[in-house]
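> Coordinates in query34.cif, mmCIF, N, CA and C atoms, are listed below.
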data_my_file
#
loop_
_atom_site.label_atom_id
_atom_site.label_comp_id
_atom_site.auth_asym_id
_atom_site.auth_seq_id
_atom_site.Cartn_x
_atom_site.Cartn_y
_atom_site.Cartn_z
N MET A 1 4.14 20.60 -6.06
CA MET A 1 4.84 19.52 -5.41
C MET A 1 4.83 18.25 -6.26
N LEU A 2 3.73 17.93 -6.87
CA LEU A 2 3.66 16.71 -7.67
C LEU A 2 4.26 16.98 -9.04
N GLU A 3 5.45 16.43 -9.26
CA GLU A 3 6.15 16.75 -10.49
C GLU A 3 5.85 15.76 -11.61
N THR A 4 6.05 14.50 -11.35
CA THR A 4 5.77 13.53 -12.41
C THR A 4 5.24 12.24 -11.84
N ILE A 5 4.48 11.54 -12.66
CA ILE A 5 3.95 10.24 -12.28
C ILE A 5 5.10 9.27 -12.05
N SER A 6 6.15 9.33 -12.86
CA SER A 6 7.26 8.37 -12.70
C SER A 6 7.97 8.55 -11.37
N GLN A 7 8.06 9.79 -10.86
CA GLN A 7 8.66 10.00 -9.54
C GLN A 7 7.80 9.38 -8.45
N LEU A 8 6.49 9.55 -8.56
CA LEU A 8 5.58 8.92 -7.59
C LEU A 8 5.70 7.41 -7.65
N GLU A 9 5.71 6.86 -8.85
CA GLU A 9 5.82 5.41 -9.01
C GLU A 9 7.12 4.88 -8.41
N SER A 10 8.21 5.60 -8.62
CA SER A 10 9.50 5.19 -8.07
C SER A 10 9.48 5.21 -6.55
N CYS A 11 8.97 6.28 -5.95
CA CYS A 11 8.86 6.36 -4.48
C CYS A 11 7.94 5.27 -3.95
N LEU A 12 6.86 5.02 -4.66
CA LEU A 12 5.90 4.00 -4.25
C LEU A 12 6.55 2.61 -4.31
N GLN A 13 7.24 2.31 -5.39
CA GLN A 13 7.88 1.01 -5.53
C GLN A 13 8.89 0.77 -4.41
N THR A 14 9.72 1.77 -4.13
CA THR A 14 10.71 1.65 -3.07
C THR A 14 10.05 1.42 -1.71
N ALA A 15 8.98 2.16 -1.43
CA ALA A 15 8.28 2.04 -0.15
C ALA A 15 7.65 0.65 0.00
N VAL A 16 7.06 0.13 -1.06
CA VAL A 16 6.41 -1.19 -1.00
C VAL A 16 7.43 -2.28 -0.75
N ILE A 17 8.49 -2.32 -1.54
CA ILE A 17 9.50 -3.36 -1.40
C ILE A 17 10.13 -3.31 0.00
N SER A 18 10.46 -2.12 0.45
CA SER A 18 11.07 -1.96 1.77
C SER A 18 10.13 -2.41 2.89
N ALA A 19 8.87 -2.00 2.84
CA ALA A 19 7.91 -2.37 3.89
C ALA A 19 7.72 -3.88 3.97
N PHE A 20 7.59 -4.54 2.82
CA PHE A 20 7.40 -5.99 2.83
C PHE A 20 8.64 -6.71 3.35
N GLU A 21 9.83 -6.21 2.99
CA GLU A 21 11.05 -6.84 3.47
C GLU A 21 11.23 -6.64 4.97
N LEU A 22 11.04 -5.41 5.45
CA LEU A 22 11.30 -5.10 6.85
C LEU A 22 10.22 -5.60 7.81
N MET A 23 8.96 -5.55 7.40
CA MET A 23 7.88 -5.89 8.32
C MET A 23 7.41 -7.33 8.20
N CYS A 24 7.52 -7.91 7.01
CA CYS A 24 6.99 -9.25 6.79
C CYS A 24 8.05 -10.23 6.31
N PHE A 25 9.29 -9.78 6.20
CA PHE A 25 10.39 -10.64 5.78
C PHE A 25 10.07 -11.34 4.46
N THR A 26 9.41 -10.58 3.58
CA THR A 26 8.92 -11.12 2.31
C THR A 26 9.52 -10.32 1.15
N ALA A 27 10.06 -11.04 0.19
CA ALA A 27 10.62 -10.40 -1.00
C ALA A 27 9.53 -10.26 -2.06
N LEU A 28 9.47 -9.09 -2.65
CA LEU A 28 8.57 -8.81 -3.76
C LEU A 28 9.39 -8.52 -5.00
N GLU A 29 8.84 -8.91 -6.13
CA GLU A 29 9.44 -8.57 -7.42
C GLU A 29 8.46 -7.68 -8.18
N PRO A 30 8.92 -6.56 -8.73
CA PRO A 30 8.02 -5.75 -9.56
C PRO A 30 7.51 -6.58 -10.74
N ALA A 31 6.24 -6.47 -11.04
CA ALA A 31 5.64 -7.19 -12.16
C ALA A 31 6.01 -6.48 -13.46
N VAL A 32 6.23 -7.27 -14.48
CA VAL A 32 6.57 -6.72 -15.80
C VAL A 32 5.35 -6.07 -16.43
N GLU A 33 4.18 -6.69 -16.21
CA GLU A 33 2.96 -6.12 -16.78
C GLU A 33 1.91 -5.94 -15.68
N ASP A 34 0.88 -5.21 -16.02
CA ASP A 34 -0.21 -4.94 -15.08
C ASP A 34 -0.84 -6.26 -14.64
N THR A 35 -1.15 -6.35 -13.37
CA THR A 35 -1.70 -7.57 -12.77
C THR A 35 -3.04 -7.26 -12.13
N GLU A 36 -3.87 -8.25 -12.08
CA GLU A 36 -5.14 -8.14 -11.36
C GLU A 36 -5.20 -9.22 -10.30
N CYS A 37 -5.81 -8.92 -9.17
CA CYS A 37 -6.12 -9.95 -8.19
C CYS A 37 -7.47 -10.52 -8.61
N SER A 38 -7.57 -11.84 -8.63
CA SER A 38 -8.82 -12.44 -9.10
C SER A 38 -9.80 -12.66 -7.96
N ASP A 39 -9.70 -13.76 -7.27
CA ASP A 39 -10.68 -14.09 -6.24
C ASP A 39 -10.19 -13.73 -4.84
N GLY A 40 -11.13 -13.46 -3.95
CA GLY A 40 -10.82 -13.25 -2.55
C GLY A 40 -9.85 -12.12 -2.29
N ILE A 41 -10.18 -10.93 -2.74
CA ILE A 41 -9.29 -9.78 -2.59
C ILE A 41 -9.49 -9.12 -1.23
N LEU A 42 -8.37 -8.82 -0.58
CA LEU A 42 -8.38 -8.05 0.66
C LEU A 42 -7.62 -6.77 0.37
N ARG A 43 -8.17 -5.64 0.79
CA ARG A 43 -7.50 -4.37 0.49
C ARG A 43 -7.46 -3.48 1.73
N GLY A 44 -6.38 -2.75 1.85
CA GLY A 44 -6.21 -1.75 2.90
C GLY A 44 -6.07 -0.40 2.24
N GLU A 45 -6.73 0.62 2.80
CA GLU A 45 -6.67 1.95 2.22
C GLU A 45 -6.39 3.00 3.29
N VAL A 46 -5.59 3.98 2.91
CA VAL A 46 -5.23 5.07 3.80
C VAL A 46 -5.41 6.38 3.03
N GLU A 47 -6.10 7.32 3.63
CA GLU A 47 -6.20 8.67 3.06
C GLU A 47 -5.13 9.54 3.69
N PHE A 48 -4.67 10.53 2.93
CA PHE A 48 -3.71 11.47 3.50
C PHE A 48 -4.06 12.88 3.03
N GLU A 49 -3.67 13.83 3.84
CA GLU A 49 -3.86 15.23 3.48
C GLU A 49 -2.70 16.02 4.05
N GLY A 50 -2.55 17.22 3.54
CA GLY A 50 -1.44 18.08 3.92
C GLY A 50 -0.92 18.76 2.68
N ASP A 51 0.38 18.61 2.41
CA ASP A 51 0.97 19.20 1.21
C ASP A 51 0.43 18.57 -0.06
N ALA A 52 -0.17 17.42 0.05
CA ALA A 52 -0.88 16.76 -1.04
C ALA A 52 -2.04 16.01 -0.40
N VAL A 53 -3.05 15.75 -1.20
CA VAL A 53 -4.24 15.04 -0.73
C VAL A 53 -4.42 13.82 -1.60
N GLY A 54 -4.74 12.70 -0.98
CA GLY A 54 -4.93 11.50 -1.79
C GLY A 54 -5.29 10.29 -0.99
N ARG A 55 -5.15 9.16 -1.66
CA ARG A 55 -5.52 7.88 -1.07
C ARG A 55 -4.60 6.80 -1.64
N LEU A 56 -4.11 5.93 -0.76
CA LEU A 56 -3.28 4.82 -1.18
C LEU A 56 -4.03 3.52 -0.87
N ARG A 57 -3.95 2.58 -1.81
CA ARG A 57 -4.62 1.28 -1.64
C ARG A 57 -3.63 0.16 -1.85
N LEU A 58 -3.67 -0.83 -0.95
CA LEU A 58 -2.90 -2.06 -1.05
C LEU A 58 -3.90 -3.19 -1.25
N GLU A 59 -3.72 -4.00 -2.32
CA GLU A 59 -4.63 -5.11 -2.62
C GLU A 59 -3.85 -6.39 -2.81
N MET A 60 -4.43 -7.49 -2.33
CA MET A 60 -3.83 -8.80 -2.54
C MET A 60 -4.87 -9.87 -2.27
N PRO A 61 -4.65 -11.07 -2.80
CA PRO A 61 -5.56 -12.16 -2.49
C PRO A 61 -5.50 -12.49 -0.99
N VAL A 62 -6.58 -12.97 -0.43
CA VAL A 62 -6.63 -13.31 0.99
C VAL A 62 -5.51 -14.29 1.35
N ILE A 63 -5.24 -15.25 0.48
CA ILE A 63 -4.18 -16.24 0.77
C ILE A 63 -2.83 -15.55 0.93
N ALA A 64 -2.56 -14.54 0.11
CA ALA A 64 -1.31 -13.79 0.22
C ALA A 64 -1.30 -12.95 1.50
N ALA A 65 -2.45 -12.37 1.84
CA ALA A 65 -2.55 -11.59 3.07
C ALA A 65 -2.30 -12.47 4.29
N ARG A 66 -2.83 -13.68 4.27
CA ARG A 66 -2.60 -14.63 5.36
C ARG A 66 -1.12 -14.98 5.48
N SER A 67 -0.46 -15.11 4.34
CA SER A 67 0.97 -15.43 4.33
C SER A 67 1.80 -14.31 4.94
N ILE A 68 1.55 -13.06 4.54
CA ILE A 68 2.34 -11.96 5.11
C ILE A 68 1.98 -11.73 6.57
N ALA A 69 0.73 -11.94 6.94
CA ALA A 69 0.33 -11.79 8.35
C ALA A 69 1.04 -12.83 9.21
N ALA A 70 1.15 -14.06 8.71
CA ALA A 70 1.86 -15.11 9.45
C ALA A 70 3.32 -14.72 9.64
N ASP A 71 3.94 -14.15 8.60
CA ASP A 71 5.33 -13.71 8.71
C ASP A 71 5.44 -12.52 9.67
N PHE A 72 4.50 -11.60 9.60
CA PHE A 72 4.49 -10.42 10.46
C PHE A 72 4.42 -10.82 11.93
N TYR A 73 3.52 -11.74 12.26
CA TYR A 73 3.32 -12.18 13.64
C TYR A 73 4.21 -13.36 14.03
N SER A 74 4.96 -13.91 13.09
CA SER A 74 5.71 -15.15 13.32
C SER A 74 4.76 -16.22 13.86
N ALA A 75 3.68 -16.44 13.13
CA ALA A 75 2.62 -17.37 13.54
C ALA A 75 2.21 -18.25 12.37
N GLU A 76 1.26 -19.11 12.62
CA GLU A 76 0.70 -19.96 11.58
C GLU A 76 -0.32 -19.16 10.75
N PRO A 77 -0.49 -19.49 9.46
CA PRO A 77 -1.42 -18.73 8.60
C PRO A 77 -2.90 -18.90 8.94
N ASP A 78 -3.25 -19.79 9.86
CA ASP A 78 -4.66 -19.99 10.18
C ASP A 78 -5.14 -19.08 11.31
N MET A 79 -4.54 -17.93 11.43
CA MET A 79 -4.92 -16.95 12.47
C MET A 79 -6.28 -16.33 12.17
N PRO A 80 -6.90 -15.69 13.17
CA PRO A 80 -8.20 -15.05 12.96
C PRO A 80 -8.14 -13.97 11.87
N GLN A 81 -9.25 -13.82 11.15
CA GLN A 81 -9.33 -12.86 10.04
C GLN A 81 -9.01 -11.44 10.49
N ASN A 82 -9.42 -11.06 11.70
CA ASN A 82 -9.16 -9.68 12.14
C ASN A 82 -7.67 -9.40 12.27
N GLN A 83 -6.87 -10.41 12.58
CA GLN A 83 -5.42 -10.21 12.64
C GLN A 83 -4.85 -10.03 11.23
N VAL A 84 -5.36 -10.78 10.29
CA VAL A 84 -4.91 -10.65 8.90
C VAL A 84 -5.26 -9.25 8.38
N GLU A 85 -6.49 -8.81 8.64
CA GLU A 85 -6.92 -7.47 8.22
C GLU A 85 -6.08 -6.38 8.87
N ALA A 86 -5.73 -6.56 10.13
CA ALA A 86 -4.91 -5.56 10.83
C ALA A 86 -3.55 -5.40 10.16
N VAL A 87 -2.96 -6.51 9.72
CA VAL A 87 -1.66 -6.44 9.04
C VAL A 87 -1.80 -5.74 7.70
N VAL A 88 -2.83 -6.04 6.93
CA VAL A 88 -3.03 -5.39 5.64
C VAL A 88 -3.21 -3.88 5.83
N GLY A 89 -3.99 -3.50 6.82
CA GLY A 89 -4.18 -2.07 7.11
C GLY A 89 -2.88 -1.40 7.53
N GLU A 90 -2.12 -2.07 8.39
CA GLU A 90 -0.85 -1.50 8.85
C GLU A 90 0.16 -1.40 7.72
N MET A 91 0.17 -2.40 6.84
CA MET A 91 1.08 -2.34 5.69
C MET A 91 0.73 -1.15 4.79
N ALA A 92 -0.56 -0.92 4.56
CA ALA A 92 -0.98 0.23 3.75
C ALA A 92 -0.52 1.53 4.42
N ASN A 93 -0.66 1.60 5.73
CA ASN A 93 -0.26 2.78 6.49
C ASN A 93 1.25 3.02 6.39
N VAL A 94 2.04 1.98 6.58
CA VAL A 94 3.50 2.11 6.52
C VAL A 94 3.96 2.48 5.11
N ILE A 95 3.39 1.83 4.11
CA ILE A 95 3.76 2.13 2.73
C ILE A 95 3.44 3.58 2.40
N CYS A 96 2.26 4.04 2.80
CA CYS A 96 1.85 5.42 2.51
C CYS A 96 2.80 6.41 3.20
N GLY A 97 3.06 6.21 4.49
CA GLY A 97 3.95 7.11 5.22
C GLY A 97 5.35 7.13 4.64
N SER A 98 5.86 5.96 4.28
CA SER A 98 7.19 5.87 3.71
C SER A 98 7.27 6.55 2.34
N MET A 99 6.26 6.30 1.51
CA MET A 99 6.24 6.90 0.18
C MET A 99 6.18 8.43 0.28
N LEU A 100 5.32 8.95 1.15
CA LEU A 100 5.18 10.39 1.28
C LEU A 100 6.45 11.03 1.85
N SER A 101 7.09 10.39 2.82
CA SER A 101 8.30 10.97 3.40
C SER A 101 9.48 10.92 2.43
N THR A 102 9.48 9.96 1.51
CA THR A 102 10.52 9.91 0.48
C THR A 102 10.24 10.94 -0.60
N TYR A 103 8.99 11.04 -1.01
CA TYR A 103 8.62 11.96 -2.09
C TYR A 103 8.74 13.42 -1.66
N ALA A 104 8.29 13.72 -0.44
CA ALA A 104 8.31 15.10 0.05
C ALA A 104 8.86 15.12 1.48
N PRO A 105 10.19 15.01 1.63
CA PRO A 105 10.78 14.91 2.97
C PRO A 105 10.47 16.10 3.88
N GLU A 106 10.22 17.24 3.32
CA GLU A 106 9.90 18.43 4.12
C GLU A 106 8.39 18.66 4.21
N GLY A 107 7.62 17.76 3.62
CA GLY A 107 6.17 17.92 3.58
C GLY A 107 5.52 17.61 4.92
N GLY A 108 4.33 18.14 5.08
CA GLY A 108 3.53 17.85 6.27
C GLY A 108 2.29 17.09 5.87
N PHE A 109 2.08 15.94 6.46
CA PHE A 109 0.96 15.08 6.09
C PHE A 109 0.27 14.53 7.33
N CYS A 110 -1.00 14.28 7.18
CA CYS A 110 -1.79 13.61 8.20
C CYS A 110 -2.44 12.40 7.52
N LEU A 111 -2.23 11.22 8.10
CA LEU A 111 -2.78 9.99 7.53
C LEU A 111 -3.99 9.53 8.33
N SER A 112 -4.97 9.00 7.65
CA SER A 112 -6.16 8.46 8.31
C SER A 112 -5.85 7.09 8.91
N THR A 113 -6.74 6.64 9.74
CA THR A 113 -6.68 5.26 10.21
C THR A 113 -6.97 4.37 9.00
N PRO A 114 -6.18 3.31 8.82
CA PRO A 114 -6.42 2.44 7.66
C PRO A 114 -7.81 1.81 7.69
N GLU A 115 -8.40 1.69 6.50
CA GLU A 115 -9.67 0.98 6.33
C GLU A 115 -9.36 -0.31 5.58
N VAL A 116 -10.00 -1.39 6.00
CA VAL A 116 -9.78 -2.67 5.33
C VAL A 116 -11.11 -3.15 4.78
N GLY A 117 -11.07 -3.63 3.55
CA GLY A 117 -12.28 -4.12 2.89
C GLY A 117 -11.98 -5.34 2.04
N VAL A 118 -13.02 -5.89 1.46
CA VAL A 118 -12.86 -7.04 0.58
C VAL A 118 -13.42 -6.70 -0.80
N GLY A 119 -12.93 -7.42 -1.79
CA GLY A 119 -13.44 -7.24 -3.14
C GLY A 119 -12.70 -6.16 -3.91
N PRO A 120 -12.94 -6.13 -5.21
CA PRO A 120 -12.28 -5.15 -6.07
C PRO A 120 -12.82 -3.74 -5.83
N ALA A 121 -12.04 -2.77 -6.24
CA ALA A 121 -12.43 -1.36 -6.10
C ALA A 121 -11.98 -0.61 -7.36
N GLU A 122 -12.39 0.64 -7.45
CA GLU A 122 -12.02 1.45 -8.62
C GLU A 122 -10.51 1.54 -8.75
N ARG A 123 -10.06 1.75 -9.97
CA ARG A 123 -8.63 1.91 -10.23
C ARG A 123 -8.19 3.33 -9.91
N TYR A 124 -7.01 3.44 -9.33
CA TYR A 124 -6.39 4.75 -9.10
C TYR A 124 -5.34 4.98 -10.18
N PRO A 125 -5.02 6.25 -10.47
CA PRO A 125 -4.13 6.57 -11.59
C PRO A 125 -2.71 6.01 -11.50
N VAL A 126 -2.09 6.06 -10.32
CA VAL A 126 -0.74 5.53 -10.17
C VAL A 126 -0.88 4.12 -9.62
N ARG A 127 -0.26 3.17 -10.31
CA ARG A 127 -0.47 1.77 -9.95
C ARG A 127 0.81 0.98 -10.17
N ARG A 128 1.22 0.23 -9.15
CA ARG A 128 2.40 -0.63 -9.25
C ARG A 128 1.99 -2.05 -8.86
N CYS A 129 2.41 -3.01 -9.64
CA CYS A 129 2.08 -4.41 -9.39
C CYS A 129 3.36 -5.18 -9.04
N PHE A 130 3.20 -6.12 -8.13
CA PHE A 130 4.33 -6.93 -7.65
C PHE A 130 3.90 -8.38 -7.59
N HIS A 131 4.90 -9.25 -7.56
CA HIS A 131 4.66 -10.68 -7.38
C HIS A 131 5.41 -11.14 -6.14
N MET A 132 4.75 -11.97 -5.35
CA MET A 132 5.43 -12.68 -4.28
C MET A 132 4.99 -14.14 -4.38
N GLU A 133 5.63 -15.00 -3.66
CA GLU A 133 5.37 -16.42 -3.80
C GLU A 133 3.90 -16.78 -3.62
N SER A 134 3.20 -16.10 -2.70
CA SER A 134 1.80 -16.46 -2.40
C SER A 134 0.77 -15.71 -3.25
N GLY A 135 1.21 -14.85 -4.16
CA GLY A 135 0.26 -14.17 -5.03
C GLY A 135 0.66 -12.75 -5.37
N PRO A 136 -0.17 -12.09 -6.19
CA PRO A 136 0.13 -10.71 -6.60
C PRO A 136 -0.16 -9.70 -5.49
N VAL A 137 0.53 -8.58 -5.57
CA VAL A 137 0.32 -7.45 -4.68
C VAL A 137 0.18 -6.23 -5.58
N ILE A 138 -0.87 -5.45 -5.36
CA ILE A 138 -1.08 -4.24 -6.15
C ILE A 138 -1.19 -3.06 -5.19
N VAL A 139 -0.43 -2.03 -5.49
CA VAL A 139 -0.49 -0.81 -4.69
C VAL A 139 -0.81 0.32 -5.66
N SER A 140 -1.86 1.07 -5.34
CA SER A 140 -2.25 2.16 -6.22
C SER A 140 -2.47 3.43 -5.42
N LEU A 141 -2.44 4.55 -6.14
CA LEU A 141 -2.44 5.85 -5.50
C LEU A 141 -3.23 6.85 -6.33
N ALA A 142 -4.04 7.62 -5.65
CA ALA A 142 -4.69 8.79 -6.26
C ALA A 142 -4.20 9.97 -5.43
N CYS A 143 -3.66 10.98 -6.11
CA CYS A 143 -3.02 12.07 -5.37
C CYS A 143 -3.11 13.37 -6.16
N LYS A 144 -3.28 14.47 -5.44
CA LYS A 144 -3.24 15.79 -6.07
C LYS A 144 -2.63 16.78 -5.10
N SER A 145 -2.08 17.85 -5.62
CA SER A 145 -1.55 18.91 -4.75
C SER A 145 -2.70 19.57 -4.04
N SER A 146 -2.47 19.91 -2.80
CA SER A 146 -3.52 20.65 -2.08
C SER A 146 -3.27 22.14 -2.27
N SER A 147 -4.33 22.89 -2.12
CA SER A 147 -4.19 24.34 -2.25
C SER A 147 -3.58 24.88 -0.95
N PRO A 148 -2.82 25.96 -1.06
CA PRO A 148 -2.23 26.53 0.14
C PRO A 148 -3.29 26.94 1.15
N HIS A 149 -3.00 26.70 2.40
CA HIS A 149 -3.92 27.09 3.46
C HIS A 149 -3.75 28.57 3.79
N PRO A 150 -4.85 29.30 4.01
CA PRO A 150 -4.72 30.70 4.38
C PRO A 150 -4.06 30.84 5.74
N ARG A 151 -3.26 31.84 5.88
CA ARG A 151 -2.59 32.07 7.18
C ARG A 151 -3.12 33.27 7.86
#
Starting from the file, lay out its structure as structure tokens.

Amino acid sequence: MLETISQLESCLQTAVISAFELMCFTALEPAVEDTECSDGILRGEVEFEGDAVGRLRLEMPVIAARSIAADFYSAEPDMPQNQVEAVVGEMANVICGSMLSTYAPEGGFCLSTPEVGVGPAERYPVRRCFHMESGPVIVSLACKSSSPHPR
């Protein structure tokens, strides 16, 4: 099922841009070069299994997370931290589901409940970086084909 890294990156890029536009009314631009989030990183992660097994991570500075959460809720950016974390987790979930359904429309997948954490984490092999007005957004993916299940 997993044919090329460039196909995954393309599906991932489309899913990220679409999710930010539709859910947070925020435009993202793909970064020309690899980007790092420096201070105050908030990340959402979703595991998936089925026709492929892997993990998707969404990372951004807390200030950027507050900005998209404010747009998501149509509220002020000084909302409680748990609301900001909920939006980051939901964005990771939506991006993962969208990317998987684009990459493997006939595939069967089960996604975990999003986990939200702070600080940097290990790098995953597939990585796309974006810029938005309030800071960088990094979405990365570790994925492998699963073995066929016995019937």
> Given the file shown, determine the residues that the PyMOL selection byres ((chain A and resi 111) around 6) selects; report them as a PDB file with N, CA and C atoms, keeping the file's coordinate frame.

ATOM      1  N   GLU A  47      -6.100   7.320   3.630  1.00  0.00           N
ATOM      2  CA  GLU A  47      -6.200   8.670   3.060  1.00  0.00           C
ATOM      3  C   GLU A  47      -5.130   9.540   3.690  1.00  0.00           C
ATOM      4  N   PHE A  48      -4.670  10.530   2.930  1.00  0.00           N
ATOM      5  CA  PHE A  48      -3.710  11.470   3.500  1.00  0.00           C
ATOM      6  C   PHE A  48      -4.060  12.880   3.030  1.00  0.00           C
ATOM      7  N   GLU A  49      -3.670  13.830   3.840  1.00  0.00           N
ATOM      8  CA  GLU A  49      -3.860  15.230   3.480  1.00  0.00           C
ATOM      9  C   GLU A  49      -2.700  16.020   4.050  1.00  0.00           C
ATOM     10  N   PHE A 109       2.080  15.940   6.460  1.00  0.00           N
ATOM     11  CA  PHE A 109       0.960  15.080   6.090  1.00  0.00           C
ATOM     12  C   PHE A 109       0.270  14.530   7.330  1.00  0.00           C
ATOM     13  N   CYS A 110      -1.000  14.280   7.180  1.00  0.00           N
ATOM     14  CA  CYS A 110      -1.790  13.610   8.200  1.00  0.00           C
ATOM     15  C   CYS A 110      -2.440  12.400   7.520  1.00  0.00           C
ATOM     16  N   SER A 112      -4.970   9.000   7.650  1.00  0.00           N
ATOM     17  CA  SER A 112      -6.160   8.460   8.310  1.00  0.00           C
ATOM     18  C   SER A 112      -5.850   7.090   8.910  1.00  0.00           C
ATOM     19  N   THR A 113      -6.740   6.640   9.740  1.00  0.00           N
ATOM     20  CA  THR A 113      -6.680   5.260  10.210  1.00  0.00           C
ATOM     21  C   THR A 113      -6.970   4.370   9.000  1.00  0.00           C
TER      22      THR A 113
END
> Let me know the residues the PyMOL selection byres (((chain A and resi 91 and name CA) around 8) and name CA) catches in the file above, as a list of chain:residue names.
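Applied to this file, the PyMOL selection byres (((chain A and resi 91 and name CA) around 8) and name CA) returns A:Ala19, A:Phe20, A:Gly44, A:Leu58, A:Val87, A:Val88, A:Gly89, A:Glu90, A:Ala92, A:Asn93, A:Val94, A:Ile95.
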> When you count only N, CA and C atoms, which of these residues is closest to Pro61 of chain A: A:Tyr73, A:Ile41, A:Leu28, A:Pro125?
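Of all the options, A:Ile41 lies closest to Pro61 of chain A.
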> Under the rule that all atoms listed in the file are counted, which of A:Leu22, A:Arg57, A:Ala15, A:Asp78 is the nearest residue to Tyr124 of chain A?
A:Arg57
> Can you work out which one of A:Glu45, A:Pro77, A:Phe130, A:Thr14 has the shortest atom-to-atom distance to Pro114 of chain A, counting only N, CA and C atoms?
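Checking each candidate against Pro114 of chain A, we get A:Glu45 as the closest.
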> Select, from A:Met132, A:Ala104, A:Leu8, A:Ile138, the residue with the minimum atom-to-atom distance to Asp51 of chain A, counting only C-alpha atoms.
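Closest residue, counting only C-alpha atoms: A:Ala104.
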> The PyMOL selection byres ((chain A and resi 67-69) around 8) on the file shown: which residues, as a list of chain:residue names?
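Written out, the selection comes to A:Met23, A:Cys24, A:Phe25, A:Thr26, A:Pro61, A:Val62, A:Ile63, A:Ala64, A:Ala65, A:Arg66, A:Ala70, A:Asp71, A:Phe72, A:Tyr73, A:Ser74, A:Ala75, A:Glu76, A:Pro77, A:Asp78, A:Met79, A:Gln83, A:Val84, A:Glu85, A:Ala86, A:Val87, A:Val88, A:Ser134.
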> Residues as selected, N, CA and C atoms, written as a compact mmCIF listing (two decimals), in the coordinates of the input, can you do that?

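Below you can see selection_14.txt, which holds the result:
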# COMPACT_ATOMS: atom_id res chain seq x y z
N MET A 23 8.96 -5.55 7.40
CA MET A 23 7.88 -5.89 8.32
C MET A 23 7.41 -7.33 8.20
N CYS A 24 7.52 -7.91 7.01
CA CYS A 24 6.99 -9.25 6.79
C CYS A 24 8.05 -10.23 6.31
N PHE A 25 9.29 -9.78 6.20
CA PHE A 25 10.39 -10.64 5.78
C PHE A 25 10.07 -11.34 4.46
N THR A 26 9.41 -10.58 3.58
CA THR A 26 8.92 -11.12 2.31
C THR A 26 9.52 -10.32 1.15
N PRO A 61 -4.65 -11.07 -2.80
CA PRO A 61 -5.56 -12.16 -2.49
C PRO A 61 -5.50 -12.49 -0.99
N VAL A 62 -6.58 -12.97 -0.43
CA VAL A 62 -6.63 -13.31 0.99
C VAL A 62 -5.51 -14.29 1.35
N ILE A 63 -5.24 -15.25 0.48
CA ILE A 63 -4.18 -16.24 0.77
C ILE A 63 -2.83 -15.55 0.93
N ALA A 64 -2.56 -14.54 0.11
CA ALA A 64 -1.31 -13.79 0.22
C ALA A 64 -1.30 -12.95 1.50
N ALA A 65 -2.45 -12.37 1.84
CA ALA A 65 -2.55 -11.59 3.07
C ALA A 65 -2.30 -12.47 4.29
N ARG A 66 -2.83 -13.68 4.27
CA ARG A 66 -2.60 -14.63 5.36
C ARG A 66 -1.12 -14.98 5.48
N ALA A 70 1.15 -14.06 8.71
CA ALA A 70 1.86 -15.11 9.45
C ALA A 70 3.32 -14.72 9.64
N ASP A 71 3.94 -14.15 8.60
CA ASP A 71 5.33 -13.71 8.71
C ASP A 71 5.44 -12.52 9.67
N PHE A 72 4.50 -11.60 9.60
CA PHE A 72 4.49 -10.42 10.46
C PHE A 72 4.42 -10.82 11.93
N TYR A 73 3.52 -11.74 12.26
CA TYR A 73 3.32 -12.18 13.64
C TYR A 73 4.21 -13.36 14.03
N SER A 74 4.96 -13.91 13.09
CA SER A 74 5.71 -15.15 13.32
C SER A 74 4.76 -16.22 13.86
N ALA A 75 3.68 -16.44 13.13
CA ALA A 75 2.62 -17.37 13.54
C ALA A 75 2.21 -18.25 12.37
N GLU A 76 1.26 -19.11 12.62
CA GLU A 76 0.70 -19.96 11.58
C GLU A 76 -0.32 -19.16 10.75
N PRO A 77 -0.49 -19.49 9.46
CA PRO A 77 -1.42 -18.73 8.60
C PRO A 77 -2.90 -18.90 8.94
N ASP A 78 -3.25 -19.79 9.86
CA ASP A 78 -4.66 -19.99 10.18
C ASP A 78 -5.14 -19.08 11.31
N MET A 79 -4.54 -17.93 11.43
CA MET A 79 -4.92 -16.95 12.47
C MET A 79 -6.28 -16.33 12.17
N GLN A 83 -6.87 -10.41 12.58
CA GLN A 83 -5.42 -10.21 12.64
C GLN A 83 -4.85 -10.03 11.23
N VAL A 84 -5.36 -10.78 10.29
CA VAL A 84 -4.91 -10.65 8.90
C VAL A 84 -5.26 -9.25 8.38
N GLU A 85 -6.49 -8.81 8.64
CA GLU A 85 -6.92 -7.47 8.22
C GLU A 85 -6.08 -6.38 8.87
N ALA A 86 -5.73 -6.56 10.13
CA ALA A 86 -4.91 -5.56 10.83
C ALA A 86 -3.55 -5.40 10.16
N VAL A 87 -2.96 -6.51 9.72
CA VAL A 87 -1.66 -6.44 9.04
C VAL A 87 -1.80 -5.74 7.70
N VAL A 88 -2.83 -6.04 6.93
CA VAL A 88 -3.03 -5.39 5.64
C VAL A 88 -3.21 -3.88 5.83
N SER A 134 3.20 -16.10 -2.70
CA SER A 134 1.80 -16.46 -2.40
C SER A 134 0.77 -15.71 -3.25
> How many Å lie between atom C of Val116 of chain A and atom CA of Gly135 of chain A, rounded to one decimal?
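Between these atoms lies a distance of 18.6 Å.
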